[in-house]
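A.B. asks: Handing over start_31.txt, compact mmCIF, C-alpha atoms and all ligand atoms.
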```txt
# COMPACT_ATOMS: atom_id res chain seq x y z
CA MET E 243 30.79 -146.22 -71.19
CA LYS E 244 31.97 -143.90 -68.44
CA ILE E 245 35.42 -142.38 -68.20
CA ASN E 246 37.43 -142.34 -65.00
CA SER E 247 36.21 -138.89 -64.02
CA ASN E 248 38.86 -138.63 -61.31
CA PHE E 249 41.15 -137.51 -64.14
CA LEU E 250 39.03 -134.36 -64.39
CA ASP E 251 40.07 -133.51 -60.82
CA LEU E 252 43.75 -133.32 -61.80
CA LYS E 253 45.23 -129.85 -61.68
CA ASP E 254 46.97 -129.00 -64.93
CA SER E 255 50.68 -128.92 -64.36
CA TYR E 256 51.80 -125.66 -65.92
CA LEU E 257 55.21 -125.70 -64.25
CA PHE E 258 57.53 -126.89 -66.99
CA SER E 259 55.41 -125.57 -69.87
CA THR E 260 55.29 -122.09 -68.27
CA ILE E 261 59.05 -122.20 -67.75
CA ALA E 262 59.57 -123.15 -71.40
CA LYS E 263 57.21 -120.38 -72.59
CA LYS E 264 58.92 -117.73 -70.48
CA ILE E 265 62.37 -118.77 -71.73
CA LYS E 266 61.18 -118.74 -75.35
CA ALA E 267 59.60 -115.29 -75.01
CA TYR E 268 62.73 -113.90 -73.34
CA GLN E 269 65.01 -115.40 -75.98
CA GLU E 270 62.90 -113.96 -78.79
CA GLN E 271 63.24 -110.49 -77.28
CA ASN E 272 66.92 -111.00 -76.40
CA PRO E 273 68.36 -113.21 -79.15
CA SER E 274 71.97 -112.78 -77.99
CA SER E 275 71.21 -113.89 -74.40
CA ASP E 276 73.17 -116.91 -73.16
CA ILE E 277 70.80 -118.78 -70.85
CA ILE E 278 72.09 -121.35 -68.36
CA ARG E 279 69.60 -123.95 -67.19
CA LEU E 280 69.86 -125.08 -63.58
CA GLY E 281 66.24 -126.10 -63.53
CA ILE E 282 66.12 -129.50 -65.14
CA GLY E 283 65.99 -132.71 -63.13
CA ASP E 284 67.60 -134.74 -65.92
CA VAL E 285 71.20 -135.96 -65.95
CA THR E 286 73.67 -134.67 -68.55
CA LEU E 287 76.67 -137.03 -68.31
CA PRO E 288 76.61 -140.07 -70.64
CA LEU E 289 76.34 -143.70 -69.53
CA VAL E 290 79.62 -144.98 -68.07
CA PRO E 291 81.97 -147.24 -70.12
CA ALA E 292 81.20 -150.42 -68.12
CA VAL E 293 77.48 -150.00 -68.87
CA ILE E 294 78.12 -149.25 -72.55
CA ASP E 295 80.31 -152.39 -72.85
CA ALA E 296 77.60 -154.52 -71.24
CA LEU E 297 74.92 -153.05 -73.53
CA HIS E 298 77.06 -153.80 -76.62
CA LYS E 299 77.78 -157.33 -75.47
CA ALA E 300 74.12 -158.04 -74.72
CA THR E 301 73.10 -156.59 -78.10
CA ASP E 302 75.52 -158.98 -79.81
CA GLU E 303 73.98 -161.88 -77.84
CA MET E 304 70.59 -160.89 -79.24
CA ALA E 305 71.98 -161.27 -82.78
CA GLN E 306 72.82 -164.98 -82.35
CA LYS E 307 70.30 -167.81 -82.29
CA GLN E 308 72.06 -169.58 -79.37
CA SER E 309 72.12 -166.52 -77.12
CA PHE E 310 68.99 -164.66 -78.25
CA ARG E 311 66.46 -163.96 -75.46
CA GLY E 312 62.72 -163.45 -75.81
CA TYR E 313 60.37 -162.81 -72.90
CA GLY E 314 62.23 -162.70 -69.60
CA PRO E 315 60.89 -163.14 -66.08
CA GLU E 316 58.38 -160.39 -65.21
CA GLN E 317 60.20 -159.81 -61.93
CA GLY E 318 63.57 -159.33 -63.64
CA TYR E 319 66.49 -161.66 -64.37
CA ASP E 320 68.11 -163.33 -61.37
CA PHE E 321 71.53 -161.96 -62.38
CA LEU E 322 70.27 -158.40 -61.75
CA ARG E 323 68.14 -159.18 -58.70
CA ASP E 324 71.18 -160.83 -57.11
CA GLU E 325 73.40 -157.79 -57.85
CA ILE E 326 70.83 -155.56 -56.14
CA LYS E 327 70.59 -157.99 -53.23
CA ASP E 328 74.38 -157.72 -52.80
CA TYR E 329 74.22 -153.94 -53.13
CA TYR E 330 71.75 -153.82 -50.23
CA ALA E 331 73.94 -156.24 -48.24
CA ARG E 332 76.80 -153.73 -48.61
CA LYS E 333 74.47 -151.15 -47.01
CA GLY E 334 73.85 -153.61 -44.18
CA VAL E 335 70.37 -154.61 -45.39
CA ALA E 336 69.58 -158.30 -45.93
CA LEU E 337 67.01 -159.00 -48.66
CA ASP E 338 65.75 -162.12 -50.40
CA ARG E 339 65.91 -162.18 -54.18
CA ASP E 340 62.11 -162.63 -54.26
CA GLU E 341 61.66 -159.30 -52.52
CA ILE E 342 63.31 -157.41 -55.41
CA PHE E 343 61.29 -156.55 -58.54
CA ILE E 344 63.01 -155.00 -61.56
CA SER E 345 61.07 -152.36 -63.47
CA ASP E 346 61.42 -149.69 -66.13
CA GLY E 347 61.79 -147.01 -63.45
CA ALA E 348 60.49 -145.66 -60.18
CA LYS E 349 57.81 -143.44 -61.69
CA SER E 350 55.95 -146.41 -63.18
CA ASP E 351 56.15 -148.47 -59.99
CA LEU E 352 55.11 -145.54 -57.77
CA GLY E 353 51.98 -145.22 -59.89
CA ASN E 354 51.39 -148.93 -60.45
CA VAL E 355 51.64 -149.90 -56.77
CA LEU E 356 48.31 -148.17 -56.22
CA ASP E 357 46.66 -151.05 -58.14
CA ILE E 358 47.15 -153.29 -55.11
CA LEU E 359 45.85 -150.75 -52.55
CA HIS E 360 42.17 -149.99 -51.91
CA PRO E 361 40.88 -146.64 -53.23
CA ASP E 362 39.34 -145.88 -49.81
CA ASN E 363 42.77 -145.61 -48.15
CA LYS E 364 43.66 -142.14 -46.88
CA VAL E 365 46.95 -140.84 -48.18
CA LEU E 366 49.45 -138.58 -46.46
CA ILE E 367 51.83 -136.69 -48.73
CA PRO E 368 54.50 -134.18 -47.71
CA ASP E 369 54.38 -130.71 -49.29
CA PRO E 370 56.51 -129.72 -51.22
CA VAL E 371 57.12 -132.96 -53.07
CA TYR E 372 57.62 -134.79 -56.38
CA PRO E 373 54.22 -134.13 -58.03
CA ALA E 374 53.57 -137.72 -59.25
CA TYR E 375 52.52 -138.88 -55.74
CA VAL E 376 49.58 -136.48 -55.68
CA ASP E 377 48.48 -136.96 -59.29
CA THR E 378 48.50 -140.77 -59.21
CA ASN E 379 46.26 -140.73 -56.13
CA VAL E 380 43.92 -138.13 -57.61
CA MET E 381 43.53 -140.44 -60.64
CA ALA E 382 42.45 -143.21 -58.28
CA GLY E 383 40.06 -140.90 -56.42
CA ARG E 384 41.84 -141.21 -53.07
CA LYS E 385 41.52 -138.71 -50.27
CA ILE E 386 44.80 -136.86 -49.78
CA ASP E 387 46.09 -135.02 -46.71
CA THR E 388 49.31 -133.08 -46.91
CA ILE E 389 51.92 -132.54 -44.21
CA GLU E 390 53.78 -129.31 -44.26
CA GLY E 391 57.47 -129.03 -44.87
CA ASN E 392 58.83 -125.65 -43.80
CA GLN E 393 61.98 -123.97 -42.55
CA ALA E 394 61.09 -124.78 -38.93
CA ASN E 395 61.18 -128.53 -39.62
CA SER E 396 63.99 -128.19 -42.22
CA PHE E 397 61.50 -129.46 -44.80
CA LYS E 398 61.36 -132.82 -43.01
CA PRO E 399 57.81 -133.10 -41.67
CA MET E 400 57.43 -135.57 -38.81
CA PRO E 401 54.47 -137.78 -37.81
CA ASP E 402 51.75 -136.33 -35.69
CA GLU E 403 49.10 -138.36 -33.86
CA SER E 404 46.38 -136.15 -35.35
CA TYR E 405 46.89 -137.58 -38.86
CA LYS E 406 44.79 -140.56 -39.85
CA ALA E 407 46.78 -142.05 -42.68
CA ASP E 408 46.73 -145.46 -44.35
CA ILE E 409 49.39 -144.71 -46.97
CA ILE E 410 52.36 -142.42 -46.25
CA TYR E 411 54.81 -141.12 -48.85
CA ILE E 412 58.40 -140.36 -47.86
CA CYS E 413 61.07 -139.21 -50.32
CA SER E 414 64.59 -139.06 -48.90
CA PRO E 415 66.82 -137.49 -50.21
CA ASN E 416 63.92 -135.32 -51.19
CA ASN E 417 62.98 -133.89 -54.53
CA PRO E 418 62.73 -130.86 -54.57
CA THR E 419 64.26 -129.88 -51.20
CA GLY E 420 67.31 -132.15 -51.01
CA ALA E 421 66.45 -132.79 -47.33
CA VAL E 422 67.54 -136.20 -45.97
CA TYR E 423 65.89 -137.88 -42.98
CA THR E 424 68.16 -139.22 -40.23
CA HIS E 425 67.85 -142.75 -38.77
CA GLU E 426 66.02 -141.34 -35.73
CA GLU E 427 63.56 -139.38 -37.87
CA LEU E 428 62.81 -142.37 -40.11
CA LYS E 429 62.45 -144.55 -37.03
CA ALA E 430 59.72 -142.18 -35.80
CA TRP E 431 57.89 -142.62 -39.12
CA VAL E 432 58.30 -146.41 -39.05
CA ASP E 433 57.01 -146.62 -35.46
CA TYR E 434 54.10 -144.37 -36.35
CA ALA E 435 53.20 -146.45 -39.43
CA ASN E 436 53.39 -149.70 -37.49
CA LYS E 437 51.24 -148.22 -34.73
CA CYS E 438 48.50 -147.04 -37.12
CA LYS E 439 48.88 -150.04 -39.43
CA ALA E 440 49.77 -147.72 -42.30
CA LEU E 441 51.97 -148.44 -45.30
CA ILE E 442 55.02 -146.29 -46.09
CA LEU E 443 55.90 -145.83 -49.76
CA PHE E 444 59.56 -144.85 -49.54
CA ASP E 445 61.18 -143.25 -52.58
CA SER E 446 64.96 -143.61 -52.47
CA ALA E 447 65.64 -142.50 -56.07
CA TYR E 448 68.48 -140.25 -54.87
CA GLU E 449 70.05 -142.61 -52.28
CA ALA E 450 73.35 -142.81 -54.18
CA PHE E 451 73.95 -139.10 -53.50
CA VAL E 452 74.08 -139.68 -49.74
CA GLY E 453 77.77 -139.54 -48.84
CA ASP E 454 77.32 -138.96 -45.11
CA LYS E 455 77.71 -142.43 -43.60
CA SER E 456 75.52 -141.49 -40.63
CA LEU E 457 72.46 -141.01 -42.88
CA PRO E 458 70.21 -143.87 -44.07
CA ARG E 459 70.08 -144.77 -47.78
CA SER E 460 67.28 -147.30 -47.41
CA ILE E 461 64.23 -147.41 -45.15
CA PHE E 462 65.16 -151.03 -44.47
CA GLU E 463 68.11 -149.80 -42.40
CA ILE E 464 65.42 -148.97 -39.82
CA ASP E 465 64.10 -151.62 -37.39
CA GLY E 466 60.46 -152.39 -38.04
CA ALA E 467 60.47 -151.12 -41.66
CA ARG E 468 60.06 -154.61 -43.13
CA GLU E 469 56.61 -154.71 -41.52
CA CYS E 470 55.40 -151.37 -42.94
CA ALA E 471 57.33 -150.21 -46.03
CA ILE E 472 57.85 -150.66 -49.75
CA GLU E 473 60.97 -149.04 -51.23
CA PHE E 474 61.21 -147.64 -54.77
CA CYS E 475 64.57 -147.01 -56.33
CA SER E 476 65.91 -146.20 -59.75
CA LEU E 477 69.08 -146.15 -61.80
CA SER E 478 67.95 -142.89 -63.43
CA LYS E 479 69.95 -140.54 -61.25
CA THR E 480 72.28 -143.19 -59.81
CA ALA E 481 73.68 -144.20 -63.19
CA GLY E 482 72.25 -141.84 -65.81
CA PHE E 483 69.48 -144.26 -66.87
CA THR E 484 66.80 -141.54 -67.33
CA GLY E 485 66.52 -142.46 -71.02
CA THR E 486 67.67 -146.07 -70.67
CA ARG E 487 64.99 -146.93 -68.05
CA CYS E 488 65.57 -149.34 -65.20
CA GLY E 489 64.55 -149.28 -61.56
CA TYR E 490 63.64 -151.67 -58.77
CA THR E 491 61.09 -152.00 -56.02
CA VAL E 492 61.57 -153.90 -52.76
CA VAL E 493 58.52 -155.53 -51.17
CA PRO E 494 59.46 -157.42 -47.98
CA GLN E 495 57.87 -160.78 -47.23
CA GLU E 496 56.80 -159.60 -43.76
CA LEU E 497 54.58 -156.88 -45.20
CA GLN E 498 51.00 -158.09 -44.63
CA PHE E 499 47.62 -156.41 -44.34
CA ASP E 500 44.42 -158.35 -43.60
CA GLY E 501 46.60 -161.49 -43.62
CA VAL E 502 47.62 -160.91 -47.26
CA LYS E 503 51.25 -160.47 -48.31
CA LEU E 504 51.81 -157.37 -50.45
CA ASN E 505 54.74 -159.21 -52.04
CA SER E 506 52.29 -161.78 -53.50
CA LEU E 507 49.87 -159.08 -54.65
CA TRP E 508 52.64 -157.07 -56.32
CA ASN E 509 54.01 -160.20 -57.97
CA ARG E 510 50.53 -161.02 -59.28
CA ARG E 511 50.05 -157.47 -60.50
CA GLN E 512 53.37 -157.44 -62.33
CA CYS E 513 52.83 -160.85 -63.93
CA THR E 514 49.44 -159.69 -65.20
CA LYS E 515 50.28 -156.23 -66.45
CA PHE E 516 54.03 -156.15 -67.12
CA ASN E 517 56.28 -158.24 -69.35
CA GLY E 518 59.63 -157.26 -67.92
CA VAL E 519 62.51 -154.91 -68.67
CA PRO E 520 64.51 -155.62 -71.89
CA TYR E 521 67.32 -158.16 -71.46
CA VAL E 522 69.88 -155.74 -72.93
CA ILE E 523 68.94 -153.01 -70.44
CA GLN E 524 69.11 -155.42 -67.50
CA ARG E 525 72.64 -156.40 -68.57
CA GLY E 526 73.53 -152.68 -68.64
CA ALA E 527 71.99 -152.30 -65.18
CA GLN E 528 73.96 -155.29 -63.89
CA ALA E 529 77.18 -153.54 -64.97
CA VAL E 530 76.30 -150.56 -62.73
CA PHE E 531 76.92 -152.83 -59.74
CA SER E 532 80.20 -154.31 -61.05
CA LYS E 533 83.44 -153.07 -59.48
CA ASP E 534 84.40 -150.92 -62.48
CA GLY E 535 80.86 -149.80 -63.21
CA PHE E 536 80.25 -148.71 -59.65
CA GLU E 537 83.50 -146.73 -59.48
CA GLN E 538 82.58 -145.03 -62.75
CA ILE E 539 79.05 -144.07 -61.72
CA MET E 540 80.35 -142.77 -58.40
CA GLN E 541 82.74 -140.50 -60.35
CA ASN E 542 79.75 -139.06 -62.20
CA ILE E 543 77.88 -138.59 -58.93
CA ALA E 544 80.98 -136.89 -57.48
CA TYR E 545 80.95 -134.53 -60.49
CA TYR E 546 77.33 -133.56 -59.84
CA LYS E 547 77.97 -133.24 -56.11
CA GLU E 548 80.87 -130.87 -56.80
CA ASN E 549 78.43 -128.74 -58.83
CA ALA E 550 76.06 -128.82 -55.85
CA LEU E 551 78.88 -127.73 -53.56
CA ILE E 552 79.71 -124.78 -55.81
CA ILE E 553 76.07 -123.64 -55.65
CA HIS E 554 75.89 -124.26 -51.89
CA GLU E 555 79.06 -122.27 -51.15
CA ALA E 556 77.89 -119.33 -53.26
CA LEU E 557 74.51 -119.18 -51.49
CA GLU E 558 76.28 -119.49 -48.14
CA LYS E 559 78.53 -116.55 -49.06
CA LYS E 560 75.54 -114.47 -50.04
CA GLY E 561 73.66 -115.42 -46.84
CA ILE E 562 70.73 -116.92 -48.79
CA TRP E 563 68.88 -119.53 -46.71
CA HIS E 564 69.07 -122.95 -48.37
CA ILE E 565 69.20 -126.68 -47.73
CA GLY E 566 70.18 -129.76 -49.76
CA GLY E 567 73.11 -130.03 -52.12
CA ILE E 568 75.40 -131.98 -49.80
CA ASN E 569 73.78 -135.43 -49.94
CA SER E 570 71.54 -134.60 -52.86
CA PRO E 571 71.66 -133.10 -56.36
CA TYR E 572 69.02 -130.50 -55.40
CA ILE E 573 69.49 -127.17 -53.67
CA TRP E 574 66.41 -125.55 -52.19
CA LEU E 575 66.66 -121.88 -51.40
CA LYS E 576 64.51 -119.12 -50.00
CA CYS E 577 63.88 -116.47 -52.61
CA PRO E 578 65.67 -113.28 -51.58
CA ASP E 579 63.90 -110.00 -50.70
CA GLY E 580 60.55 -111.68 -50.08
CA MET E 581 60.09 -112.51 -53.76
CA THR E 582 57.57 -115.20 -54.73
CA SER E 583 58.87 -118.27 -56.56
CA TRP E 584 57.83 -116.90 -59.95
CA GLU E 585 59.09 -113.38 -59.23
CA TYR E 586 62.50 -114.84 -58.43
CA PHE E 587 62.31 -117.01 -61.57
CA ASP E 588 61.68 -113.88 -63.69
CA HIS E 589 64.38 -111.98 -61.82
CA LEU E 590 67.04 -114.66 -62.44
CA LEU E 591 65.97 -115.17 -66.04
CA THR E 592 66.06 -111.50 -66.99
CA LYS E 593 68.94 -110.24 -64.81
CA ALA E 594 71.26 -113.29 -64.72
CA ASN E 595 70.03 -115.34 -67.67
CA VAL E 596 69.85 -118.33 -65.31
CA VAL E 597 66.86 -120.70 -65.14
CA GLY E 598 65.77 -122.60 -62.03
CA THR E 599 62.49 -124.18 -60.92
CA PRO E 600 59.94 -122.19 -58.91
CA GLY E 601 59.23 -124.00 -55.62
CA ALA E 602 55.51 -123.22 -55.91
CA GLY E 603 55.36 -125.91 -58.62
CA PHE E 604 55.95 -128.59 -55.97
CA GLY E 605 53.07 -127.69 -53.66
CA LYS E 606 51.76 -124.69 -51.77
CA MET E 607 54.52 -124.92 -49.14
CA GLY E 608 57.03 -124.39 -51.96
CA GLU E 609 55.84 -120.80 -52.53
CA GLY E 610 58.67 -118.36 -51.83
CA TYR E 611 61.31 -121.04 -52.49
CA PHE E 612 63.31 -122.10 -55.52
CA ARG E 613 65.07 -125.29 -56.71
CA LEU E 614 68.45 -125.36 -58.39
CA THR E 615 69.90 -128.61 -59.68
CA ALA E 616 73.45 -129.88 -59.88
CA PHE E 617 72.98 -131.95 -63.05
CA GLY E 618 74.52 -129.34 -65.35
CA ASP E 619 77.94 -128.84 -66.86
CA ARG E 620 80.68 -127.76 -64.37
CA ALA E 621 81.86 -124.62 -66.14
CA ARG E 622 78.30 -123.51 -66.88
CA THR E 623 77.24 -124.15 -63.28
CA ALA E 624 80.16 -122.04 -62.01
CA GLU E 625 79.25 -119.30 -64.49
CA ALA E 626 75.59 -119.42 -63.40
CA VAL E 627 76.62 -119.11 -59.77
CA GLU E 628 78.75 -116.02 -60.54
CA ARG E 629 75.75 -114.45 -62.24
CA ILE E 630 73.42 -115.33 -59.35
CA LEU E 631 75.88 -113.79 -56.88
CA LYS E 632 76.01 -110.57 -58.88
CA ASN E 633 72.23 -110.35 -59.18
CA SER E 634 70.78 -111.45 -55.84
N1 LIG B 701 61.16 -140.31 -57.70
C1 LIG B 701 61.65 -139.08 -57.63
C2 LIG B 701 61.69 -138.40 -56.30
C3 LIG B 701 62.11 -138.40 -58.77
O1 LIG B 701 62.59 -137.15 -58.67
C4 LIG B 701 62.06 -139.07 -60.00
C5 LIG B 701 62.53 -138.44 -61.25
O2 LIG B 701 62.81 -137.28 -61.35
C6 LIG B 701 61.53 -140.36 -60.04
C7 LIG B 701 61.09 -140.95 -58.87
C8 LIG B 701 61.36 -141.08 -61.35
O3 LIG B 701 62.42 -141.88 -61.61
P1 LIG B 701 62.45 -142.84 -62.88
O4 LIG B 701 63.24 -142.11 -63.93
O5 LIG B 701 63.13 -144.07 -62.37
O6 LIG B 701 61.06 -143.12 -63.33
```
Just give me the structure as structure tokens.
C.D. replies:
Amino acid sequence: MKINSNFLDLKDSYLFSTIAKKIKAYQEQNPSSDIIRLGIGDVTLPLVPAVIDALHKATDEMAQKQSFRGYGPEQGYDFLRDEIKDYYARKGVALDRDEIFISDGAKSDLGNVLDILHPDNKVLIPDPVYPAYVDTNVMAGRKIDTIEGNQANSFKPMPDESYKADIIYICSPNNPTGAVYTHEELKAWVDYANKCKALILFDSAYEAFVGDKSLPRSIFEIDGARECAIEFCSLSKTAGFTGTRCGYTVVPQELQFDGVKLNSLWNRRQCTKFNGVPYVIQRGAQAVFSKDGFEQIMQNIAYYKENALIIHEALEKKGIWHIGGINSPYIWLKCPDGMTSWEYFDHLLTKANVVGTPGAGFGKMGEGYFRLTAFGDRARTAEAVERILKNS
């Protein structure tokens, strides 16, 4: 028996464990300190009433013989796939129900999709980025090239003829930078992918935070994307489902390589390795797209976006370079006074008792930058911002 030795090539991720250790050590030495966390990427507001009602109702159905449900369709129930189809239609994107696959979240699908792609494919991943893209490809032994995000390109790297990529990752709005590609910029990526016969894996987990109507919320708003892209989305940040777990992946029927439809391969993969998302959860997810549910989740998103605005305005006032926070829950800033990411982390922790995430944890291009998140409590966010202003 041999193990998958590619796992030995994974770099240990010390980011969140180091943060936790540093906080613990500081708190032990300063027991009266009142630390505010603007580092976490998890939501803090509860599920909205429409979702809770739907979950209760579905739970009651499970208690009755006539309405009890066992295994559901691996691809998800039609009632939810149709809601998502309508949601896309409201964004001006026409999908078939069969192109939508319900899952337990974007992280699983982003990893699982690699099952249907050959290990010899070369992968292009932006830096800095959500770390799961790199690690899942390292596990599969794929060759990875990175493209640099930096201040000059506003952390939105663009295609370059010198890359030889088969699989391209794009995350917009981006975690960690909050940068959002425009239609023109995404069109350049779509044209590039179609020209080199590459596949784009588009992560739209934060699409619901895009308020600017001129910005795309789906890659399928771009002409030609149905021939080159798969889109991964999630209710985690859209509707507070981080612990409830539901997401969806869109695989267009036009997407073919070597004459084989990726939609059929993904369907086959899911039917073999996945037995569907719980009925109760899918009913809760359906309620997200109802009139009341959608208004309620948008109120929560507005709350987080107001937090982001408070952080953005404070940094603006202080003249600290930053992006994100307008159409995204993440604010990405340049550490003041030439500090490294970890130096600024220590500085904020000890001087302001505020915790953020060092940019270096998202790739080498993140060194010297820092991520703050808008998922906290309003009053605590405002207090944190006051402290940052005083200590930067
Ligand atoms: N994609 C990005 C860019 C994320 O930041 C996250 C979670 O933080 C995910 C995907 C994972 O989402 P899910 O909770 O649906 O697995």
A.B. asks: With all atoms listed in the file as the basis for distance, which of E:Asn517, E:Thr419, E:Asn542, E:Ser634 is at the shortest distance from Ala594 in chain E?
C.D. replies: E:Ser634
A.B. asks: What are the closest atom pairs, with distances in Å to one decimal, for all residues of chain E lying within 10 Å of ligand LIG 701 (chain B)? Consider all atoms listed in the file, order rows by chain and residue number, and present the result as CSV.
C.D. replies:
```
residue,atom,partner,partner_atom,distance
E:Ile282,CA,B:LIG701,O2,9.3
E:Gly283,CA,B:LIG701,O2,5.8
E:Asp284,CA,B:LIG701,O2,7.1
E:Val285,CA,B:LIG701,O2,9.7
E:Ser345,CA,B:LIG701,O5,8.6
E:Asp346,CA,B:LIG701,O5,7.0
E:Gly347,CA,B:LIG701,O5,3.4
E:Ala348,CA,B:LIG701,O5,3.8
E:Lys349,CA,B:LIG701,O6,3.7
E:Ser350,CA,B:LIG701,O6,6.1
E:Asp351,CA,B:LIG701,O6,8.0
E:Leu352,CA,B:LIG701,C7,7.6
E:Gly353,CA,B:LIG701,O6,9.9
E:Val371,CA,B:LIG701,C2,7.8
E:Tyr372,CA,B:LIG701,C2,5.4
E:Pro373,CA,B:LIG701,C2,8.8
E:Ala374,CA,B:LIG701,N1,8.2
E:Tyr375,CA,B:LIG701,N1,9.0
E:Ile412,CA,B:LIG701,C2,9.3
E:Cys413,CA,B:LIG701,C2,6.1
E:Ser414,CA,B:LIG701,C2,8.0
E:Pro415,CA,B:LIG701,C2,8.0
E:Asn416,CA,B:LIG701,C2,6.4
E:Asn417,CA,B:LIG701,C2,5.0
E:Pro418,CA,B:LIG701,O1,7.5
E:Gly420,CA,B:LIG701,C2,9.9
E:Phe444,CA,B:LIG701,N1,9.5
E:Asp445,CA,B:LIG701,N1,5.9
E:Ser446,CA,B:LIG701,C2,7.2
E:Ala447,CA,B:LIG701,N1,5.2
E:Tyr448,CA,B:LIG701,C2,7.2
E:Phe474,CA,B:LIG701,C7,7.8
E:Cys475,CA,B:LIG701,O5,6.9
E:Ser476,CA,B:LIG701,O5,4.4
E:Leu477,CA,B:LIG701,O5,6.3
E:Ser478,CA,B:LIG701,O4,4.8
E:Lys479,CA,B:LIG701,O4,7.4
E:Thr480,CA,B:LIG701,O5,9.5
E:Gly482,CA,B:LIG701,O4,9.2
E:Phe483,CA,B:LIG701,O4,7.2
E:Thr484,CA,B:LIG701,O4,5.0
E:Gly485,CA,B:LIG701,O4,7.8
E:Thr486,CA,B:LIG701,O4,9.0
E:Arg487,CA,B:LIG701,O4,6.6
E:Cys488,CA,B:LIG701,O5,6.5
E:Gly489,CA,B:LIG701,O5,5.5
E:Tyr490,CA,B:LIG701,O5,8.4
E:Tyr572,CA,B:LIG701,O1,9.8
```
A.B. asks: Could the residues in this selection be written to a file with C-alpha atoms, as a tab-separated table (two decimals), in the frame of the given file?
C.D. replies:
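Output file part-v4.tsv is given in full below:
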```
chain	number	residue	atom	x	y	z
E	282	ILE	CA	66.12	-129.50	-65.14
E	283	GLY	CA	65.99	-132.71	-63.13
E	284	ASP	CA	67.60	-134.74	-65.92
E	285	VAL	CA	71.20	-135.96	-65.95
E	345	SER	CA	61.07	-152.36	-63.47
E	346	ASP	CA	61.42	-149.69	-66.13
E	347	GLY	CA	61.79	-147.01	-63.45
E	348	ALA	CA	60.49	-145.66	-60.18
E	349	LYS	CA	57.81	-143.44	-61.69
E	350	SER	CA	55.95	-146.41	-63.18
E	351	ASP	CA	56.15	-148.47	-59.99
E	352	LEU	CA	55.11	-145.54	-57.77
E	353	GLY	CA	51.98	-145.22	-59.89
E	371	VAL	CA	57.12	-132.96	-53.07
E	372	TYR	CA	57.62	-134.79	-56.38
E	373	PRO	CA	54.22	-134.13	-58.03
E	374	ALA	CA	53.57	-137.72	-59.25
E	375	TYR	CA	52.52	-138.88	-55.74
E	412	ILE	CA	58.40	-140.36	-47.86
E	413	CYS	CA	61.07	-139.21	-50.32
E	414	SER	CA	64.59	-139.06	-48.90
E	415	PRO	CA	66.82	-137.49	-50.21
E	416	ASN	CA	63.92	-135.32	-51.19
E	417	ASN	CA	62.98	-133.89	-54.53
E	418	PRO	CA	62.73	-130.86	-54.57
E	420	GLY	CA	67.31	-132.15	-51.01
E	444	PHE	CA	59.56	-144.85	-49.54
E	445	ASP	CA	61.18	-143.25	-52.58
E	446	SER	CA	64.96	-143.61	-52.47
E	447	ALA	CA	65.64	-142.50	-56.07
E	448	TYR	CA	68.48	-140.25	-54.87
E	474	PHE	CA	61.21	-147.64	-54.77
E	475	CYS	CA	64.57	-147.01	-56.33
E	476	SER	CA	65.91	-146.20	-59.75
E	477	LEU	CA	69.08	-146.15	-61.80
E	478	SER	CA	67.95	-142.89	-63.43
E	479	LYS	CA	69.95	-140.54	-61.25
E	480	THR	CA	72.28	-143.19	-59.81
E	482	GLY	CA	72.25	-141.84	-65.81
E	483	PHE	CA	69.48	-144.26	-66.87
E	484	THR	CA	66.80	-141.54	-67.33
E	485	GLY	CA	66.52	-142.46	-71.02
E	486	THR	CA	67.67	-146.07	-70.67
E	487	ARG	CA	64.99	-146.93	-68.05
E	488	CYS	CA	65.57	-149.34	-65.20
E	489	GLY	CA	64.55	-149.28	-61.56
E	490	TYR	CA	63.64	-151.67	-58.77
E	572	TYR	CA	69.02	-130.50	-55.40
```
A.B. asks: What is the CA of Ser404 in chain E-CA of Ala471 in chain E distance in Å, reported with one decimal?
C.D. replies: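 According to the coordinates, CA of Ser404 in chain E and CA of Ala471 in chain E are separated by 20.8 Å.
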A.B. asks: Considering all atoms listed in the file, can you say which of E:Phe462, E:Tyr521, E:Phe499, E:Trp431 comes closest to Glu303 in chain E?
C.D. replies: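 Among the listed residues, E:Tyr521 lies closest to Glu303 in chain E.
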A.B. asks: Would you write out, as CSV, a table of all residues in range 592-619 of chain E that have an atom no more than 12 Å from an atom of range 262-265 of chain E, listing for each the closest atom pair and the distance in Å to one decimal, considering all atoms listed in the file and ordering rows by chain and rising residue number?
C.D. replies:
```
residue,atom,partner,partner_atom,distance
E:Thr592,CA,E:Ile265,CA,9.4
E:Asn595,CA,E:Ile265,CA,9.3
E:Val596,CA,E:Ile265,CA,9.9
E:Val597,CA,E:Ile265,CA,8.2
E:Gly598,CA,E:Ile265,CA,11.0
E:Thr599,CA,E:Ala262,CA,10.9
```
A.B. asks: Return the single residue from E:Ser456, E:Ser532, E:Asn505, E:Ser396 that is closest to Glu473 in chain E, with distances computed using only C-alpha atoms.
C.D. replies: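 The closest residue to Glu473 in chain E is E:Asn505.
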A.B. asks: With a distance cut-off of 7 Å and only C-alpha atoms, select the neighbouring residues of Arg323 in chain E, excluding the residue or stretch itself and same-chain residues fewer than 5 positions from it, and output the selection as number ranges by chain.
C.D. replies: E: 318, 339, 342
A.B. asks: For range 598-604 of chain E, take all atoms listed in the file, fit an axis-aligned box around them, add 3 Å to each of the six sides, then output centre and edge lengths in Å rounded to one decimal, as lines of an AutoDock Vina configuration file.
C.D. replies:
```
center_x = 60.6
center_y = -125.4
center_z = -58.8
size_x = 16.4
size_y = 12.4
size_z = 12.4
```
